[in-house]
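Q: So here's upload.csv, just CSV, C-alpha atoms:
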chain,number,residue,atom,x,y,z
A,37,ARG,CA,75.0,211.5,126.4
A,38,CYS,CA,73.4,214.6,127.7
A,39,LEU,CA,71.9,212.8,130.6
A,40,LEU,CA,75.4,211.4,131.4
A,41,ARG,CA,76.9,214.8,131.4
A,42,LEU,CA,74.1,216.2,133.6
A,43,PHE,CA,74.7,213.3,136.1
A,44,VAL,CA,78.4,213.9,136.2
A,45,TYR,CA,77.9,217.7,136.7
A,46,HIS,CA,75.4,216.9,139.5
A,47,LEU,CA,78.0,214.7,141.3
A,48,ARG,CA,80.7,217.3,141.0
A,49,ALA,CA,78.4,220.0,142.3
A,50,ASN,CA,77.4,217.9,145.3
A,51,ASP,CA,81.1,216.9,145.9
A,52,SER,CA,82.1,220.6,145.8
A,53,GLU,CA,79.3,221.5,148.3
A,54,GLN,CA,80.2,218.7,150.6
A,55,LYS,CA,83.9,219.7,150.5
A,56,HIS,CA,82.9,223.3,151.4
A,57,ILE,CA,80.8,222.1,154.3
A,58,PHE,CA,83.5,219.7,155.5
A,59,SER,CA,86.1,222.4,155.3
A,60,LYS,CA,83.9,224.8,157.2
A,61,ASN,CA,83.2,222.2,159.9
A,62,ARG,CA,86.9,221.4,160.1
A,63,ARG,CA,87.7,225.1,160.7
A,64,LYS,CA,85.0,225.2,163.4
A,65,ASP,CA,86.3,222.0,165.1
A,66,LYS,CA,89.8,223.3,164.9
A,67,GLY,CA,88.7,226.5,166.6
A,68,CYS,CA,87.0,224.6,169.4
A,69,GLN,CA,90.1,222.4,169.9
A,70,VAL,CA,92.3,225.5,170.2
A,71,LYS,CA,89.9,227.1,172.6
A,72,ASN,CA,89.7,223.9,174.7
A,73,LEU,CA,93.5,223.6,174.7
A,74,VAL,CA,94.0,227.2,175.8
A,75,ASN,CA,91.4,226.7,178.6
A,76,ASN,CA,93.1,223.5,179.8
A,77,ILE,CA,96.5,225.3,179.8
A,78,LYS,CA,95.1,228.2,181.9
A,79,ALA,CA,93.4,225.7,184.3
A,80,GLY,CA,96.7,223.8,184.6
A,81,ILE,CA,98.7,226.9,185.3
A,82,TYR,CA,96.2,228.1,187.9
A,83,TRP,CA,96.2,224.7,189.7
A,84,VAL,CA,100.0,224.6,189.8
A,85,LEU,CA,100.2,228.1,191.4
A,86,LYS,CA,97.3,227.3,193.8
A,87,LYS,CA,98.8,224.0,194.8
A,88,SER,CA,102.1,225.7,195.6
A,89,GLU,CA,100.3,228.3,197.6
A,90,LEU,CA,98.3,225.6,199.6
A,91,CYS,CA,101.5,223.7,200.4
A,92,ARG,CA,103.3,226.8,201.6
A,93,ARG,CA,100.4,228.1,203.7
A,94,TYR,CA,99.5,224.8,205.4
A,95,ASN,CA,102.8,223.0,205.3
A,96,CYS,CA,101.2,220.1,203.6
A,97,VAL,CA,102.0,217.6,200.8
A,98,ILE,CA,99.9,217.4,197.6
A,99,GLU,CA,101.3,214.7,195.4
A,100,PRO,CA,101.5,215.1,191.6
A,101,GLY,CA,98.2,213.9,190.0
A,102,ALA,CA,96.0,215.0,192.9
A,103,LEU,CA,93.3,217.5,191.9
A,104,ILE,CA,91.4,220.0,194.0
A,105,LYS,CA,88.5,221.9,192.4
A,106,PHE,CA,87.6,225.3,193.9
A,107,PRO,CA,90.5,225.2,196.3
A,108,ASP,CA,89.6,228.6,197.8
A,109,ASN,CA,86.8,226.7,199.7
A,110,LEU,CA,89.3,224.2,201.3
A,111,ARG,CA,91.1,224.5,204.6
A,112,LEU,CA,93.9,222.2,205.5
A,113,GLY,CA,95.6,221.5,208.8
A,114,LYS,CA,99.4,221.2,209.2
A,115,ASN,CA,101.1,218.1,207.8
A,116,VAL,CA,98.2,216.9,205.7
A,117,LYS,CA,99.0,214.6,202.8
A,118,ILE,CA,96.9,214.2,199.7
A,119,ALA,CA,98.1,211.3,197.6
A,120,SER,CA,98.3,211.1,193.8
A,121,GLY,CA,95.0,210.6,192.0
A,122,ALA,CA,92.9,212.0,194.8
A,123,PHE,CA,90.1,214.3,193.8
A,124,ILE,CA,88.5,216.9,196.1
A,125,HIS,CA,85.5,219.0,195.0
A,126,CYS,CA,85.1,221.9,197.4
A,127,GLY,CA,81.9,223.4,195.9
A,128,GLN,CA,81.7,226.6,193.8
A,129,LYS,CA,79.9,228.5,196.5
A,130,ARG,CA,80.5,228.6,200.3
A,131,LEU,CA,77.7,227.3,202.5
A,132,ASN,CA,79.0,229.5,205.4
A,133,ALA,CA,80.8,232.7,204.8
A,134,LYS,CA,82.9,232.1,208.0
A,135,LYS,CA,84.4,228.8,207.0
A,136,GLN,CA,85.4,226.7,204.0
A,137,ASN,CA,83.2,223.8,202.7
A,138,VAL,CA,85.9,221.2,203.1
A,139,ILE,CA,88.1,221.1,206.2
A,140,ILE,CA,90.8,218.5,206.7
A,141,GLY,CA,92.5,218.5,210.1
A,142,GLU,CA,96.2,218.2,211.1
A,143,ASN,CA,98.2,215.0,210.3
A,144,SER,CA,95.4,213.6,208.2
A,145,TYR,CA,95.9,211.6,205.0
A,146,VAL,CA,93.7,211.3,201.8
A,147,GLY,CA,94.7,208.1,199.9
A,148,SER,CA,95.3,207.6,196.3
A,149,GLY,CA,92.2,207.6,194.1
A,150,SER,CA,89.9,208.9,196.9
A,151,ILE,CA,87.1,211.2,195.9
A,152,LEU,CA,85.6,213.9,198.2
A,153,TYR,CA,82.5,215.7,197.0
A,154,GLY,CA,82.2,218.5,199.5
A,155,GLU,CA,79.6,220.8,198.0
A,156,ALA,CA,77.4,220.4,201.1
A,157,GLY,CA,80.3,220.2,203.5
A,158,ILE,CA,83.0,217.7,204.6
A,159,GLU,CA,84.7,218.1,208.0
A,160,ILE,CA,87.6,215.7,208.7
A,161,GLY,CA,89.3,216.0,212.1
A,162,ASP,CA,92.9,215.6,213.1
A,163,ASN,CA,94.8,212.4,212.6
A,164,CYS,CA,92.4,210.8,210.2
A,165,GLY,CA,93.4,208.3,207.4
A,166,LEU,CA,91.4,207.6,204.3
A,167,GLY,CA,92.6,204.5,202.4
A,168,PRO,CA,92.9,204.3,198.6
A,169,GLY,CA,89.6,204.7,196.7
A,170,VAL,CA,87.5,206.0,199.6
A,171,VAL,CA,84.5,208.1,198.6
A,172,LEU,CA,82.9,210.8,200.7
A,173,THR,CA,79.9,212.4,199.1
A,174,SER,CA,77.8,215.1,200.7
A,175,LEU,CA,75.3,215.0,197.8
A,176,ALA,CA,73.2,212.2,196.6
A,177,PHE,CA,70.2,211.8,194.3
A,178,THR,CA,66.8,211.0,195.9
A,179,LEU,CA,64.4,208.4,194.4
A,180,SER,CA,61.1,210.1,195.4
A,181,ARG,CA,59.8,210.8,191.9
A,182,ILE,CA,59.2,208.5,188.9
A,183,ASP,CA,57.9,211.2,186.5
A,184,ILE,CA,61.3,212.7,185.9
A,185,PRO,CA,64.7,211.1,184.9
A,186,MET,CA,67.1,209.9,187.6
A,187,VAL,CA,69.6,212.7,186.7
A,188,ASP,CA,66.9,215.3,187.4
A,189,GLN,CA,65.9,214.0,190.8
A,190,PRO,CA,66.3,216.5,193.7
A,191,ALA,CA,69.6,216.0,195.5
A,192,LYS,CA,70.0,215.3,199.2
A,193,ALA,CA,72.7,217.6,200.6
A,194,MET,CA,74.1,217.0,204.1
A,195,THR,CA,77.5,217.6,205.7
A,196,ILE,CA,79.8,214.6,206.5
A,197,VAL,CA,81.8,214.7,209.7
A,198,LEU,CA,84.8,212.6,210.8
A,199,GLU,CA,85.4,213.6,214.3
A,200,GLY,CA,89.1,212.8,214.5
A,201,ASP,CA,91.4,209.8,214.8
A,202,VAL,CA,89.2,207.9,212.3
A,203,CYS,CA,90.5,205.3,209.9
A,204,VAL,CA,88.5,204.5,206.7
A,205,GLY,CA,89.5,201.4,204.8
A,206,SER,CA,90.1,201.3,201.1
A,207,ASN,CA,87.1,201.7,198.7
A,208,ALA,CA,84.7,202.5,201.6
A,209,VAL,CA,81.8,204.9,200.9
A,210,ILE,CA,80.5,207.5,203.3
A,211,LEU,CA,77.1,208.9,202.4
A,212,PRO,CA,75.6,212.3,203.0
A,213,GLY,CA,74.9,213.4,206.6
A,214,VAL,CA,76.9,210.6,208.3
A,215,ARG,CA,79.0,211.4,211.4
A,216,ILE,CA,81.7,209.0,212.4
A,217,GLY,CA,82.7,209.3,216.0
A,218,LYS,CA,86.2,209.8,217.3
A,219,GLY,CA,88.6,206.8,217.3
A,220,SER,CA,86.4,204.7,214.9
A,221,ALA,CA,87.5,202.4,212.2
A,222,ILE,CA,85.6,201.7,209.0
A,223,GLY,CA,86.3,198.4,207.2
A,224,ALA,CA,87.4,198.2,203.5
A,225,GLY,CA,84.5,198.3,201.1
A,226,ALA,CA,81.9,199.3,203.7
A,227,VAL,CA,79.0,201.6,202.8
A,228,VAL,CA,78.3,203.9,205.8
A,229,THR,CA,74.7,205.1,205.7
A,230,LYS,CA,74.2,206.0,209.4
A,231,ASP,CA,76.2,207.6,212.2
A,232,ILE,CA,78.9,205.5,213.9
A,233,PRO,CA,79.5,205.9,217.6
A,234,PRO,CA,83.0,206.9,218.9
A,235,TYR,CA,85.6,204.1,219.2
A,236,SER,CA,83.6,201.7,217.1
A,237,VAL,CA,84.6,199.2,214.4
A,238,ALA,CA,82.1,199.1,211.5
A,239,VAL,CA,82.1,196.8,208.4
A,240,GLY,CA,79.8,195.6,205.7
A,241,VAL,CA,77.1,196.9,203.3
A,242,PRO,CA,75.4,198.7,204.9
A,243,ALA,CA,78.0,199.2,207.6
A,244,LYS,CA,77.3,197.8,211.0
A,245,VAL,CA,79.2,198.1,214.3
A,246,ILE,CA,80.8,194.8,215.2
A,247,LYS,CA,83.1,195.9,218.0
A,248,ASN,CA,83.7,198.7,220.5
A,249,ARG,CA,87.4,199.7,221.0
A,250,GLU,CA,86.9,201.1,224.5
Represent the structure of the file as structure tokens.

A:
Amino acid sequence: RCLLRLFVYHLRANDSEQKHIFSKNRRKDKGCQVKNLVNNIKAGIYWVLKKSELCRRYNCVIEPGALIKFPDNLRLGKNVKIASGAFIHCGQKRLNAKKQNVIIGENSYVGSGSILYGEAGIEIGDNCGLGPGVVLTSLAFTLSRIDIPMVDQPAKAMTIVLEGDVCVGSNAVILPGVRIGKGSAIGAGAVVTKDIPPYSVAVGVPAKVIKNRE
């Protein structure tokens, strides 16, 4: 009987300690949730105000659901349209104090779901069109070392340039350092790893020129 009472007491003591720990963790989790909620609200308000400022300054259209990170490092031409679901990362720090990291020229269009990683610079000329799901990334991991994890590999950072009057088909990928010449068209789903001459049509993985428009 004494052993039974001791066992019950031990269970109750453990249960009380676990409840205390659980309650403490709940308070801690609740505090983190409130902090995250406040930060999300602040970020949302900032983006709404910044979006309104960009649209007024550049006479452009940024549809609901589009997101631009570090918009102070973005320059837009007149009549630019950024569709819903597009994401543009302009880099936290400027590469050049005299100009923004990401530049999109007049009358250009960024399609729904497109992703532009412009930390190392993206320059899109006038009258360019990016279809849905296009990816332009100015940063990419290298594969030179096998003694460290893939996520710790040194990054290759090179500016991407679309010279103007360029059409990029849906789900195409443009890799770091690529320059696409004026008047060129990139086929849907292509992966562009090298420069494309002006007035060319390029398709495939990796993209190859199949036609000249001149």

Q: May I ask which of the residues A:Leu172, A:Met186, A:Ala221, A:Val227 is the closest one to A:Ile246, counting all atoms listed in the file?

A: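 Ranked by minimum distance to A:Ile246, first place goes to A:Ala221.
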
Q: Need to verify the contact set: A:Pro242, 9 Å, all atoms listed in the file, exclusion of same-chain residues closer than 6 positions in sequence. Can you return it as an MDAnalysis selection string?

A: chainID A and resid 226:230

Q: Which of these, A:Asp201, A:Asp183, A:Asp108, A:Glu89, has the shortest distance to A:Glu142 once you count all atoms listed in the file?

A: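 Nearest candidate to A:Glu142 out of A:Asp201, A:Asp183, A:Asp108, A:Glu89: A:Asp201.
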
Q: With only C-alpha atoms as the counted atoms, please give the residues lying no more than 9 Å from A:Ile232, apart from itself and same-chain residues fewer than 6 positions off, as a count of residues only.

A: 9

Q: Using all atoms listed in the file, which of A:Val138, A:Ala176, A:Leu103, A:Cys68 sits nearest A:Gly80?

A: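 Distance minimum relative to A:Gly80 lands on A:Leu103.
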
Q: What lies within 7 Å of stretch 117-124 of chain A using only C-alpha atoms, ignoring chain neighbours under 4 positions off, as a list in words?

A: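 Final neighbour list, sorted by chain and number: Cys96, Val97, Ile98, Glu99, Pro100, Gly101, Ala102, Leu103, Ile104, Lys105, Ser144, Tyr145, Val146, Gly147, Ser148, Gly149, Ser150, Ile151, Leu152 and Tyr153 of chain A.
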
Q: Please list as a CSV table (one decimal) with C-alpha atoms, in the frame of the given file every residue within 9 Å of A:Arg111, counting all atoms listed in the file and excluding residues in the same chain fewer than 5 positions away.

A:
chain,number,residue,atom,x,y,z
A,90,LEU,CA,98.3,225.6,199.6
A,94,TYR,CA,99.5,224.8,205.4
A,135,LYS,CA,84.4,228.8,207.0
A,136,GLN,CA,85.4,226.7,204.0
A,137,ASN,CA,83.2,223.8,202.7
A,138,VAL,CA,85.9,221.2,203.1
A,139,ILE,CA,88.1,221.1,206.2
A,140,ILE,CA,90.8,218.5,206.7
A,141,GLY,CA,92.5,218.5,210.1

Q: Would you work out the distance separating atom CA of A:Gln69 from atom CA of A:Ser88, expressed in Å to one decimal?

A: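 Going from atom CA of A:Gln69 over to atom CA of A:Ser88 covers 28.6 Å.
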
Q: Can you measure atom CA of A:Gly213 to atom CA of A:Thr195 for me? One decimal in Å is fine.

A: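 It comes out at 5.0 Å.
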
Q: Can you measure atom CA of A:Gly113 to atom CA of A:Arg249 for me? One decimal in Å is fine.

A: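 Interatomic distance here is 26.3 Å.
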
Q: Residues near A:Gly154, anyone? I mean within 6 Å using only C-alpha atoms, not counting same-chain ones fewer than 2 positions away, as a list in words.

A: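 Near neighbours after the sequence-gap exclusion: His125, Cys126, Val138, Leu152, Ala156, Gly157, Ile158 and Ser174 of chain A.
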
Q: Given only C-alpha atoms as the basis, pick out the residue of A:Val197, A:Cys91, A:Ile182, A:Val187 nearest to A:Glu159.

A: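 Smallest separation from A:Glu159 among the options: A:Val197.
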
Q: Counting all atoms listed in the file, which of A:Gly205, A:Pro107, A:Gly223, A:Gly127 gets nearest to A:Thr173?

A: A:Gly127

Q: Taking only C-alpha atoms into account, which of A:Leu73, A:Leu131, A:Asn207, A:Lys218 comes nearest A:Ala193?

A: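 Of all the options, A:Leu131 lies closest to A:Ala193.
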